[in-house]
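A.B. asks: Hey, dropping model10.cif in here, mmCIF, C-alpha atoms:
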```
data_upload
#
loop_
_atom_site.label_atom_id
_atom_site.label_comp_id
_atom_site.auth_asym_id
_atom_site.auth_seq_id
_atom_site.Cartn_x
_atom_site.Cartn_y
_atom_site.Cartn_z
CA MET H 1 -22.30 4.21 22.95
CA GLN H 2 -20.85 7.17 21.03
CA LEU H 3 -18.25 6.06 18.51
CA GLY H 4 -15.92 7.72 16.05
CA PHE H 5 -14.90 6.24 12.71
CA VAL H 6 -12.00 7.68 10.72
CA GLY H 7 -11.34 6.41 7.18
CA VAL H 8 -14.61 4.87 6.11
CA GLY H 9 -13.73 3.47 2.69
CA THR H 10 -15.39 0.48 1.02
CA MET H 11 -15.00 -1.88 3.98
CA GLY H 12 -15.88 0.74 6.54
CA VAL H 13 -19.34 1.56 5.25
CA PRO H 14 -20.94 -1.81 6.12
CA ILE H 15 -19.04 -1.87 9.43
CA VAL H 16 -20.54 1.53 10.28
CA GLY H 17 -23.94 0.15 9.31
CA HIS H 18 -23.59 -2.77 11.70
CA LEU H 19 -22.50 -0.49 14.55
CA VAL H 20 -25.46 1.83 13.97
CA ALA H 21 -27.88 -1.11 13.70
CA ALA H 22 -26.64 -2.28 17.12
CA GLY H 23 -27.79 1.04 18.61
CA HIS H 24 -24.52 2.99 18.64
CA THR H 25 -24.08 6.59 17.53
CA VAL H 26 -21.27 6.85 14.97
CA LYS H 27 -19.56 10.06 13.85
CA ALA H 28 -17.61 9.29 10.68
CA PHE H 29 -14.94 11.18 8.79
CA ASP H 30 -13.31 10.48 5.44
CA LEU H 31 -11.46 12.69 2.97
CA SER H 32 -13.65 11.22 0.23
CA ALA H 33 -17.01 12.99 0.06
CA ASP H 34 -18.48 9.94 -1.68
CA ALA H 35 -17.35 7.57 1.09
CA LEU H 36 -18.68 9.94 3.74
CA ALA H 37 -22.04 10.16 1.96
CA LYS H 38 -22.27 6.37 1.92
CA ALA H 39 -21.46 6.28 5.62
CA GLN H 40 -24.28 8.76 6.23
CA ALA H 41 -26.61 6.57 4.20
CA ALA H 42 -25.60 3.71 6.50
CA GLY H 43 -26.70 5.77 9.50
CA ALA H 44 -23.56 7.65 10.56
CA GLN H 45 -23.34 11.33 11.37
CA ALA H 46 -20.85 13.17 9.17
CA ALA H 47 -17.90 14.77 10.95
CA GLY H 48 -16.03 17.65 9.38
CA SER H 49 -12.60 16.54 10.62
CA VAL H 50 -10.68 13.76 12.33
CA GLY H 51 -10.91 15.61 15.61
CA GLU H 52 -14.66 16.09 15.33
CA ALA H 53 -15.13 12.35 14.77
CA ALA H 54 -12.99 11.57 17.83
CA ALA H 55 -14.36 14.21 20.21
CA GLY H 56 -16.58 12.68 22.89
CA ALA H 57 -16.32 9.17 21.48
CA GLN H 58 -15.82 6.23 23.83
CA ALA H 59 -14.11 4.31 21.04
CA VAL H 60 -12.61 5.57 17.78
CA PHE H 61 -12.23 3.12 14.92
CA VAL H 62 -9.51 3.88 12.39
CA ALA H 63 -9.45 2.19 8.98
CA VAL H 64 -6.95 4.10 6.86
CA SER H 65 -4.76 2.96 3.99
CA ASN H 66 -1.43 2.43 5.77
CA GLN H 67 0.48 2.97 9.00
CA ASP H 68 1.92 6.32 7.92
CA VAL H 69 -1.58 7.73 7.41
CA LEU H 70 -2.55 6.15 10.73
CA GLY H 71 0.26 8.07 12.41
CA GLU H 72 -0.96 11.30 10.84
CA VAL H 73 -4.59 10.98 11.96
CA LEU H 74 -3.45 10.03 15.45
CA ARG H 75 -0.77 12.68 15.95
CA GLN H 76 -1.72 15.66 13.79
CA PRO H 77 -2.95 18.86 15.43
CA GLY H 78 -6.64 18.35 15.87
CA GLY H 79 -6.17 14.60 15.48
CA ILE H 80 -7.34 11.68 17.56
CA PHE H 81 -4.74 11.96 20.32
CA GLU H 82 -5.42 15.66 20.76
CA CYS H 83 -9.21 15.55 20.54
CA GLY H 84 -10.01 12.13 21.93
CA ALA H 85 -11.46 11.96 25.41
CA PRO H 86 -9.48 10.47 28.34
CA GLY H 87 -10.48 6.83 28.68
CA ALA H 88 -11.40 6.49 25.01
CA ILE H 89 -10.17 3.45 23.09
CA VAL H 90 -8.49 3.76 19.70
CA VAL H 91 -9.23 0.68 17.57
CA ASP H 92 -6.87 0.18 14.62
CA LEU H 93 -8.63 -1.94 11.97
CA GLY H 94 -5.79 -1.66 9.44
CA THR H 95 -2.51 -3.52 9.09
CA THR H 96 0.32 -1.94 11.06
CA ALA H 97 3.80 -3.25 11.85
CA PRO H 98 3.71 -4.45 15.49
CA PRO H 99 6.59 -2.19 16.67
CA ARG H 100 4.78 0.84 15.25
CA CYS H 101 1.54 -0.40 16.80
CA ARG H 102 3.13 -0.65 20.24
CA ALA H 103 4.59 2.85 19.87
CA PHE H 104 1.13 4.25 19.07
CA ALA H 105 -0.26 2.41 22.08
CA ALA H 106 2.37 3.96 24.36
CA GLU H 107 1.45 7.44 23.08
CA ALA H 108 -2.22 6.69 23.66
CA ARG H 109 -1.55 5.58 27.24
CA ALA H 110 0.44 8.76 27.87
CA ARG H 111 -2.72 10.68 26.97
CA GLY H 112 -4.95 8.55 29.18
CA MET H 113 -6.38 6.54 26.28
CA ASP H 114 -6.39 2.83 25.49
CA TYR H 115 -5.27 1.29 22.21
CA VAL H 116 -6.45 -1.90 20.52
CA ASP H 117 -5.16 -3.41 17.29
CA ALA H 118 -7.90 -5.32 15.47
CA PRO H 119 -6.86 -6.00 11.86
CA LEU H 120 -9.41 -7.71 9.65
CA SER H 121 -9.46 -10.59 7.22
CA GLY H 122 -12.19 -10.82 4.62
CA SER H 123 -13.69 -8.83 1.80
CA THR H 124 -16.53 -6.35 1.42
CA PRO H 125 -19.20 -9.10 1.16
CA TRP H 126 -17.92 -10.46 4.49
CA ALA H 127 -18.18 -6.98 6.00
CA GLN H 128 -21.72 -6.65 4.67
CA ALA H 129 -22.66 -10.03 6.16
CA GLY H 130 -20.95 -9.27 9.48
CA THR H 131 -18.67 -12.29 9.19
CA LEU H 132 -15.20 -10.72 9.10
CA ALA H 133 -12.33 -12.42 10.93
CA VAL H 134 -10.90 -10.05 13.54
CA MET H 135 -7.47 -10.54 15.15
CA VAL H 136 -7.18 -8.56 18.37
CA GLY H 137 -4.31 -7.33 20.50
CA ALA H 138 -5.60 -5.64 23.65
CA GLU H 139 -5.23 -5.36 27.37
CA GLN H 140 -7.96 -7.20 29.23
CA ALA H 141 -10.02 -4.16 30.27
CA ALA H 142 -10.07 -2.70 26.76
CA TRP H 143 -10.87 -6.12 25.32
CA GLY H 144 -13.98 -6.35 27.46
CA THR H 145 -15.17 -2.99 26.13
CA VAL H 146 -14.48 -3.53 22.43
CA LEU H 147 -15.64 -7.15 22.13
CA PRO H 148 -19.37 -6.31 21.88
CA LEU H 149 -18.51 -3.71 19.23
CA LEU H 150 -16.42 -6.13 17.22
CA GLN H 151 -19.17 -8.73 17.43
CA THR H 152 -21.46 -6.48 15.41
CA PHE H 153 -19.35 -7.03 12.28
CA GLY H 154 -17.03 -9.95 13.11
CA GLY H 155 -17.92 -13.60 12.68
CA SER H 156 -14.65 -14.96 14.10
CA ILE H 157 -12.96 -12.84 16.75
CA PHE H 158 -9.67 -13.83 18.37
CA HIS H 159 -8.08 -12.12 21.40
CA LEU H 160 -4.44 -13.09 20.95
CA GLY H 161 -2.68 -11.19 23.70
CA PRO H 162 -1.48 -7.63 24.44
CA VAL H 163 -1.29 -4.78 21.95
CA GLY H 164 0.53 -5.81 18.76
CA SER H 165 -0.61 -9.43 18.92
CA GLY H 166 -3.42 -8.89 16.44
CA GLN H 167 -1.04 -7.29 13.96
CA THR H 168 1.40 -10.17 14.35
CA ALA H 169 -1.37 -12.65 13.56
CA LYS H 170 -2.46 -10.59 10.54
CA LEU H 171 1.07 -10.59 9.12
CA CYS H 172 1.28 -14.36 9.69
CA HIS H 173 -1.98 -14.64 7.77
CA GLN H 174 -0.63 -12.54 4.91
CA LEU H 175 2.51 -14.67 4.73
CA ALA H 176 0.46 -17.87 4.57
CA PHE H 177 -2.03 -16.38 2.12
CA MET H 178 0.54 -15.04 -0.32
CA GLY H 179 2.60 -18.24 -0.11
CA THR H 180 -0.54 -20.26 -0.88
CA LEU H 181 -1.58 -17.90 -3.66
CA LEU H 182 1.87 -18.02 -5.24
CA GLY H 183 1.89 -21.81 -5.01
CA LEU H 184 -1.52 -22.01 -6.67
CA SER H 185 -0.42 -19.53 -9.32
CA GLU H 186 2.62 -21.61 -10.19
CA ALA H 187 0.45 -24.76 -10.23
CA VAL H 188 -1.95 -23.12 -12.70
CA VAL H 189 0.87 -21.99 -14.99
CA LEU H 190 2.52 -25.39 -14.90
CA GLY H 191 -0.75 -27.24 -15.49
CA GLU H 192 -1.84 -25.02 -18.36
CA ARG H 193 1.59 -25.18 -20.00
CA CYS H 194 1.16 -28.95 -19.94
CA GLY H 195 -2.35 -28.90 -21.39
CA ILE H 196 -4.61 -28.98 -18.30
CA ASP H 197 -7.34 -26.36 -17.93
CA GLY H 198 -6.55 -24.14 -14.93
CA VAL H 199 -10.15 -23.99 -13.65
CA LYS H 200 -10.45 -27.77 -13.76
CA LEU H 201 -7.12 -28.01 -11.96
CA MET H 202 -8.57 -25.85 -9.16
CA ASP H 203 -11.38 -28.41 -8.83
CA VAL H 204 -8.77 -31.16 -8.51
CA LEU H 205 -6.78 -29.28 -5.86
CA GLY H 206 -9.97 -28.45 -3.97
CA ALA H 207 -10.80 -32.15 -3.72
CA CYS H 208 -7.32 -33.07 -2.50
CA VAL H 209 -5.25 -32.03 0.50
CA SER H 210 -3.78 -28.94 -1.16
CA PRO H 211 -4.57 -26.27 -0.12
CA ARG H 212 -8.00 -26.48 1.47
CA HIS H 213 -7.32 -29.19 4.00
CA VAL H 214 -3.73 -28.45 5.01
CA ILE H 215 -4.80 -26.78 8.26
CA ASP H 216 -7.06 -29.73 9.09
CA PHE H 217 -3.99 -31.96 8.98
CA TYR H 218 -1.51 -29.46 10.38
CA LYS H 219 -3.28 -28.28 13.54
CA PRO H 220 -3.37 -31.63 15.39
CA GLN H 221 0.26 -32.25 14.44
CA LEU H 222 1.27 -28.91 15.93
CA ALA H 223 -0.51 -29.86 19.13
CA ALA H 224 1.50 -33.11 19.24
CA ARG H 225 4.95 -31.49 19.01
CA PRO H 226 7.80 -32.24 19.11
CA LEU H 227 7.66 -34.39 15.99
CA GLY H 228 10.18 -36.86 14.69
CA GLU H 229 10.16 -39.38 11.91
CA GLY H 230 6.78 -39.94 10.30
CA PRO H 231 5.15 -42.47 8.02
CA THR H 232 5.62 -40.01 5.16
CA GLY H 233 8.97 -38.29 5.40
CA LEU H 234 10.34 -35.11 3.85
CA GLY H 235 12.22 -37.25 1.35
CA ILE H 236 8.96 -38.05 -0.45
CA PHE H 237 8.25 -34.37 -1.00
CA TYR H 238 11.84 -33.69 -1.96
CA LYS H 239 11.52 -36.36 -4.64
CA ASP H 240 8.28 -34.78 -5.85
CA LEU H 241 9.81 -31.29 -5.94
CA ARG H 242 12.61 -32.61 -8.13
CA ALA H 243 9.96 -34.08 -10.43
CA VAL H 244 8.21 -30.69 -10.50
CA GLN H 245 11.49 -29.06 -11.51
CA GLU H 246 12.02 -31.58 -14.30
CA LEU H 247 8.46 -31.15 -15.60
CA SER H 248 8.56 -27.36 -15.48
CA GLN H 249 11.91 -27.06 -17.22
CA GLN H 250 11.63 -29.85 -19.78
CA ASP H 251 7.92 -29.99 -20.64
CA ALA H 252 6.68 -26.51 -19.74
CA GLY H 253 9.86 -24.59 -20.53
CA ILE H 254 9.62 -22.34 -17.48
CA THR H 255 11.28 -21.84 -14.10
CA LEU H 256 8.97 -21.72 -11.09
CA PRO H 257 10.40 -19.29 -8.48
CA LEU H 258 8.57 -20.80 -5.52
CA GLY H 259 9.15 -24.34 -6.71
CA GLU H 260 12.88 -23.71 -7.01
CA ALA H 261 12.99 -22.07 -3.58
CA LEU H 262 11.15 -24.99 -2.01
CA LEU H 263 13.50 -27.48 -3.64
CA GLY H 264 16.48 -25.60 -2.24
CA LEU H 265 15.02 -25.57 1.26
CA PHE H 266 14.17 -29.27 1.16
CA GLN H 267 17.68 -29.95 -0.11
CA GLN H 268 19.00 -28.40 3.10
CA ALA H 269 16.84 -30.79 5.11
CA MET H 270 18.13 -33.74 3.09
CA ASP H 271 21.72 -32.64 3.58
CA ALA H 272 21.13 -32.35 7.34
CA GLY H 273 19.78 -35.90 7.57
CA TYR H 274 16.07 -35.20 7.90
CA ARG H 275 14.89 -37.35 4.96
CA ASN H 276 12.46 -39.31 7.16
CA PHE H 277 11.32 -36.37 9.30
CA ASP H 278 7.57 -35.70 9.47
CA PRO H 279 6.67 -32.92 6.97
CA PHE H 280 4.40 -31.32 9.56
CA GLY H 281 7.52 -30.69 11.62
CA LEU H 282 8.92 -28.18 9.12
CA SER H 283 8.29 -25.39 11.64
CA GLU H 284 10.73 -27.10 14.01
CA LEU H 285 13.41 -27.21 11.32
CA ILE H 286 12.84 -23.54 10.53
CA ASP H 287 13.01 -22.69 14.23
CA LYS H 288 16.28 -24.62 14.60
CA GLY H 289 17.78 -22.98 11.52
CA VAL H 290 18.10 -26.31 9.70
CA ILE H 291 16.38 -24.79 6.67
CA LYS H 292 16.93 -21.11 6.01
CA HIS H 293 17.57 -18.56 3.32
CA ARG H 294 21.05 -18.65 1.87
CA GLU H 295 22.60 -15.74 0.01
CA GLY H 296 23.47 -16.47 -3.58
#
```
Output the file's structure in the form of structure tokens.

C.D. replies:
Amino acid sequence: MQLGFVGVGTMGVPIVGHLVAAGHTVKAFDLSADALAKAQAAGAQAAGSVGEAAAGAQAVFVAVSNQDVLGEVLRQPGGIFECGAPGAIVVDLGTTAPPRCRAFAAEARARGMDYVDAPLSGSTPWAQAGTLAVMVGAEQAAWGTVLPLLQTFGGSIFHLGPVGSGQTAKLCHQLAFMGTLLGLSEAVVLGERCGIDGVKLMDVLGACVSPRHVIDFYKPQLAARPLGEGPTGLGIFYKDLRAVQELSQQDAGITLPLGEALLGLFQQAMDAGYRNFDPFGLSELIDKGVIKHREG
């Protein structure tokens, strides 16, 4: 299959290599001469422009830095929409806001092209090993075409629904990742302020429920919804969050932004009478508006 690849970059080079190794012809374009040379070393043909990479390709992968640049390479004169062949599939590997993604898809359809959002999770070593996680939003026909291509570099591939669904999942991932990272960061600061080595603390957390095993516990509880009172209620965690506040302020001499925010949210649940509610039902309380952001 003839493919185009626009915006090679660090992650794109091994992806191009996997596509070429699977027997596909890849025309790649990047503004960086160094990135383009690496793509050539991985087996791609160098294109002199976005349009040249897209011309004649059955699928055009785009891996650019942000959604504004994505809009440019799609819409510019001599860009993908102008030079791509009817029936070609545009595959967005970056992170794009779902409304913008759906707008791009509508423009693609108006030009007789398909559009797939397939944002990635993982790092360059994952790309090199072909084990990236790929979250896909696509119509069924396009999904059937792109799946074998995605399988060349993806270890876990999820078709989540129509266009925009992959981007929604990626943003959910980013929210969970950054929340976890911030929580771990505050835990490290608190532990080290109180005399515990941060690396050793990571070993402790890795052996406990937080954060490695939360999904193992959470997934079956989600499947069992709706939840009610549980053997371990929210009140236990509220008590612990108050203890965290006392420790951080009195012993460590710091304020933990996430810890304070969590305490405020759990306080709302306490005030609303959910002291004995199952902690894995927090999503239900968020959905009902029982716990929410309050100005001031």

A.B. asks: Hey, could you make a per-residue contact list for region 65-179 of chain H against region 183-193 of chain H with 12 Å as the cut-off, showing the nearest pair of atoms and its distance in Å to one decimal, counting only C-alpha atoms, sorted by chain and number, as a Markdown table?

C.D. replies:
```
| residue | atom | partner | partner_atom | distance |
| --- | --- | --- | --- | --- |
| H:Ala176 | CA | H:Gly183 | CA | 10.5 |
| H:Phe177 | CA | H:Gly183 | CA | 9.8 |
| H:Met178 | CA | H:Gly183 | CA | 8.3 |
| H:Gly179 | CA | H:Gly183 | CA | 6.1 |
```

A.B. asks: How big is the axis-aligned box, and where does its centre sit, when it encloses all atoms of region 110-125 of chain H listed in the file and has 8 Å added on every side, reported in Å to one decimal as AutoDock Vina command-line options?

C.D. replies:
```
--center_x -9.4 --center_y -0.1 --center_z 15.2 --size_x 35.6 --size_y 37.5 --size_z 44.0
```

A.B. asks: Work out how far CA of Leu120 (chain H) is from CA of Val91 (chain H), in Å to one decimal.

C.D. replies: 11.5 Å

A.B. asks: Would you mind listing what lies within 7 Å of Ala85 (chain H) as a list in words, with only C-alpha atoms counted and same-chain residues fewer than 2 positions away left out?

C.D. replies: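 Close residues of Ala85 (chain H): Ala55, Gly56, Ala57, Cys83, Gly87 and Ala88 of chain H.
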
A.B. asks: Between CA of Ile89 (chain H) and CA of Ala108 (chain H), what distance in Å does the model show, to one decimal?

C.D. replies: 8.6 Å

A.B. asks: Residues picked by the PyMOL selection byres ((chain H and resi 275-280) around 8) here, as a PyMOL selection string?

C.D. replies: chain H and resi 218+221-222+227-235+269-270+273-274+281-283

A.B. asks: If the PyMOL selection byres ((chain H and resi 16) around 9) were run on this exact file, what residues would it hold? Put them as a PDB file with C-alpha atoms, in the frame of the given file.

C.D. replies:
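The result, written out as out-v7.pdb:
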```pdb
ATOM      1  CA  PHE H   5     -14.900   6.240  12.710  1.00  0.00           C
ATOM      2  CA  VAL H   8     -14.610   4.870   6.110  1.00  0.00           C
ATOM      3  CA  GLY H  12     -15.880   0.740   6.540  1.00  0.00           C
ATOM      4  CA  VAL H  13     -19.340   1.560   5.250  1.00  0.00           C
ATOM      5  CA  PRO H  14     -20.940  -1.810   6.120  1.00  0.00           C
ATOM      6  CA  ILE H  15     -19.040  -1.870   9.430  1.00  0.00           C
ATOM      7  CA  GLY H  17     -23.940   0.150   9.310  1.00  0.00           C
ATOM      8  CA  HIS H  18     -23.590  -2.770  11.700  1.00  0.00           C
ATOM      9  CA  LEU H  19     -22.500  -0.490  14.550  1.00  0.00           C
ATOM     10  CA  VAL H  20     -25.460   1.830  13.970  1.00  0.00           C
ATOM     11  CA  ALA H  21     -27.880  -1.110  13.700  1.00  0.00           C
ATOM     12  CA  VAL H  26     -21.270   6.850  14.970  1.00  0.00           C
ATOM     13  CA  ALA H  28     -17.610   9.290  10.680  1.00  0.00           C
ATOM     14  CA  ALA H  39     -21.460   6.280   5.620  1.00  0.00           C
ATOM     15  CA  ALA H  42     -25.600   3.710   6.500  1.00  0.00           C
ATOM     16  CA  GLY H  43     -26.700   5.770   9.500  1.00  0.00           C
ATOM     17  CA  ALA H  44     -23.560   7.650  10.560  1.00  0.00           C
ATOM     18  CA  PHE H 153     -19.350  -7.030  12.280  1.00  0.00           C
TER      19      PHE H 153
END
```

A.B. asks: Would you work out the distance separating CA of Lys219 (chain H) from CA of Trp126 (chain H), expressed in Å to one decimal?

C.D. replies: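 If I compute the distance from CA of Lys219 (chain H) to CA of Trp126 (chain H), I get 24.8 Å.
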
A.B. asks: Pick the closest to Leu74 (chain H) from H:Ala47, H:Leu265, H:Ala138, H:Val6: which is it, counting all atoms listed in the file?

C.D. replies: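 When distances to Leu74 (chain H) are compared using all atoms listed in the file, the smallest one comes from H:Val6.
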
A.B. asks: Do you know which residues the PyMOL selection byres ((chain H and resi 154-160) around 6) returns on this file, as a count of residues only?

C.D. replies: 13

A.B. asks: Here is a test: counting all atoms listed in the file, which residue of H:Ala141, H:Cys101, H:Leu241, H:Val146 is nearest to Val163 (chain H)?

C.D. replies: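 Closest candidate: H:Cys101.
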
A.B. asks: List the spatial neighbours of Gln267 (chain H) as a list in words - criterion: any atom at most 9 Å away, all atoms listed in the file, same-chain residues fewer than 5 positions off excluded.

C.D. replies: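 Once the adjacent positions are removed, what remains is Tyr238, Leu262, Ala272 and Ile291 of chain H.
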
A.B. asks: Generate the output file for the selected residues, C-alpha atoms, as a PDB file, keeping the file's coordinate frame.

C.D. replies:
```pdb
ATOM      1  CA  TYR H 238      11.840 -33.690  -1.960  1.00  0.00           C
ATOM      2  CA  LEU H 262      11.150 -24.990  -2.010  1.00  0.00           C
ATOM      3  CA  ALA H 272      21.130 -32.350   7.340  1.00  0.00           C
ATOM      4  CA  ILE H 291      16.380 -24.790   6.670  1.00  0.00           C
TER       5      ILE H 291
END
```

A.B. asks: From the list H:Gln58, H:Thr95, H:Gln249, H:Ser123, which residue is nearest Ala142 (chain H) when using all atoms listed in the file?

C.D. replies: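 Looking only at the distances to Ala142 (chain H), the closest residue turns out to be H:Gln58.
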
A.B. asks: If you count all atoms listed in the file, which residues fall within 9 Å of Leu171 (chain H), apart from same-chain ones fewer than 4 positions away, as a count of residues only?

C.D. replies: 7

A.B. asks: Looking at only C-alpha atoms, which of H:Glu246, H:Asp203, H:Asp240, H:Glu82 is the one that sits closest to Phe266 (chain H)?

C.D. replies: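 Closest to Phe266 (chain H), using only C-alpha atoms: H:Asp240.
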
A.B. asks: Go through H:Val73, H:Val209, H:Leu263, H:Ala127 one by one, measure the shortest atom-to-atom distance of each to Phe104 (chain H) using all atoms listed in the file, and give the residue with the smallest value.

C.D. replies: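 So, comparing all the options, the nearest one is H:Val73.
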
A.B. asks: Please write N, CA and C atoms of region 265-282 of chain H, from the structure given just now, as a PDB file, in the first residue's frame.

C.D. replies:
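Final file, decode33.pdb:
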```pdb
ATOM      1  N   LEU H 265     -13.204  18.475  48.019  1.00  0.00           N
ATOM      2  CA  LEU H 265     -14.192  17.677  47.290  1.00  0.00           C
ATOM      3  C   LEU H 265     -14.811  16.607  48.193  1.00  0.00           C
ATOM      4  N   PHE H 266     -13.988  15.967  49.003  1.00  0.00           N
ATOM      5  CA  PHE H 266     -14.507  14.953  49.921  1.00  0.00           C
ATOM      6  C   PHE H 266     -15.375  15.601  50.999  1.00  0.00           C
ATOM      7  N   GLN H 267     -15.071  16.843  51.358  1.00  0.00           N
ATOM      8  CA  GLN H 267     -15.897  17.554  52.319  1.00  0.00           C
ATOM      9  C   GLN H 267     -17.311  17.737  51.769  1.00  0.00           C
ATOM     10  N   GLN H 268     -17.409  18.007  50.457  1.00  0.00           N
ATOM     11  CA  GLN H 268     -18.721  18.129  49.841  1.00  0.00           C
ATOM     12  C   GLN H 268     -19.506  16.825  49.964  1.00  0.00           C
ATOM     13  N   ALA H 269     -18.817  15.703  49.755  1.00  0.00           N
ATOM     14  CA  ALA H 269     -19.483  14.407  49.882  1.00  0.00           C
ATOM     15  C   ALA H 269     -19.941  14.161  51.314  1.00  0.00           C
ATOM     16  N   MET H 270     -19.105  14.569  52.277  1.00  0.00           N
ATOM     17  CA  MET H 270     -19.494  14.399  53.686  1.00  0.00           C
ATOM     18  C   MET H 270     -20.727  15.249  53.997  1.00  0.00           C
ATOM     19  N   ASP H 271     -20.698  16.491  53.524  1.00  0.00           N
ATOM     20  CA  ASP H 271     -21.810  17.404  53.787  1.00  0.00           C
ATOM     21  C   ASP H 271     -23.112  16.913  53.158  1.00  0.00           C
ATOM     22  N   ALA H 272     -23.000  16.168  52.043  1.00  0.00           N
ATOM     23  CA  ALA H 272     -24.184  15.670  51.347  1.00  0.00           C
ATOM     24  C   ALA H 272     -24.640  14.308  51.874  1.00  0.00           C
ATOM     25  N   GLY H 273     -23.967  13.796  52.890  1.00  0.00           N
ATOM     26  CA  GLY H 273     -24.396  12.549  53.517  1.00  0.00           C
ATOM     27  C   GLY H 273     -23.858  11.276  52.900  1.00  0.00           C
ATOM     28  N   TYR H 274     -22.732  11.363  52.216  1.00  0.00           N
ATOM     29  CA  TYR H 274     -22.177  10.190  51.540  1.00  0.00           C
ATOM     30  C   TYR H 274     -20.975   9.595  52.287  1.00  0.00           C
ATOM     31  N   ARG H 275     -20.928   9.732  53.597  1.00  0.00           N
ATOM     32  CA  ARG H 275     -19.790   9.260  54.380  1.00  0.00           C
ATOM     33  C   ARG H 275     -19.533   7.766  54.166  1.00  0.00           C
ATOM     34  N   ASN H 276     -20.578   6.976  54.021  1.00  0.00           N
ATOM     35  CA  ASN H 276     -20.416   5.526  53.894  1.00  0.00           C
ATOM     36  C   ASN H 276     -20.491   5.031  52.451  1.00  0.00           C
ATOM     37  N   PHE H 277     -20.468   5.946  51.506  1.00  0.00           N
ATOM     38  CA  PHE H 277     -20.586   5.580  50.092  1.00  0.00           C
ATOM     39  C   PHE H 277     -19.282   4.945  49.612  1.00  0.00           C
ATOM     40  N   ASP H 278     -19.398   3.943  48.744  1.00  0.00           N
ATOM     41  CA  ASP H 278     -18.231   3.239  48.210  1.00  0.00           C
ATOM     42  C   ASP H 278     -17.331   4.222  47.450  1.00  0.00           C
ATOM     43  N   PRO H 279     -16.026   4.281  47.793  1.00  0.00           N
ATOM     44  CA  PRO H 279     -15.121   5.211  47.095  1.00  0.00           C
ATOM     45  C   PRO H 279     -15.079   5.000  45.589  1.00  0.00           C
ATOM     46  N   PHE H 280     -15.297   3.767  45.133  1.00  0.00           N
ATOM     47  CA  PHE H 280     -15.263   3.516  43.697  1.00  0.00           C
ATOM     48  C   PHE H 280     -16.509   4.038  42.997  1.00  0.00           C
ATOM     49  N   GLY H 281     -17.405   4.634  43.741  1.00  0.00           N
ATOM     50  CA  GLY H 281     -18.567   5.284  43.167  1.00  0.00           C
ATOM     51  C   GLY H 281     -18.407   6.784  43.028  1.00  0.00           C
ATOM     52  N   LEU H 282     -17.176   7.279  43.167  1.00  0.00           N
ATOM     53  CA  LEU H 282     -16.940   8.726  43.036  1.00  0.00           C
ATOM     54  C   LEU H 282     -17.424   9.259  41.690  1.00  0.00           C
TER      55      LEU H 282
END
```
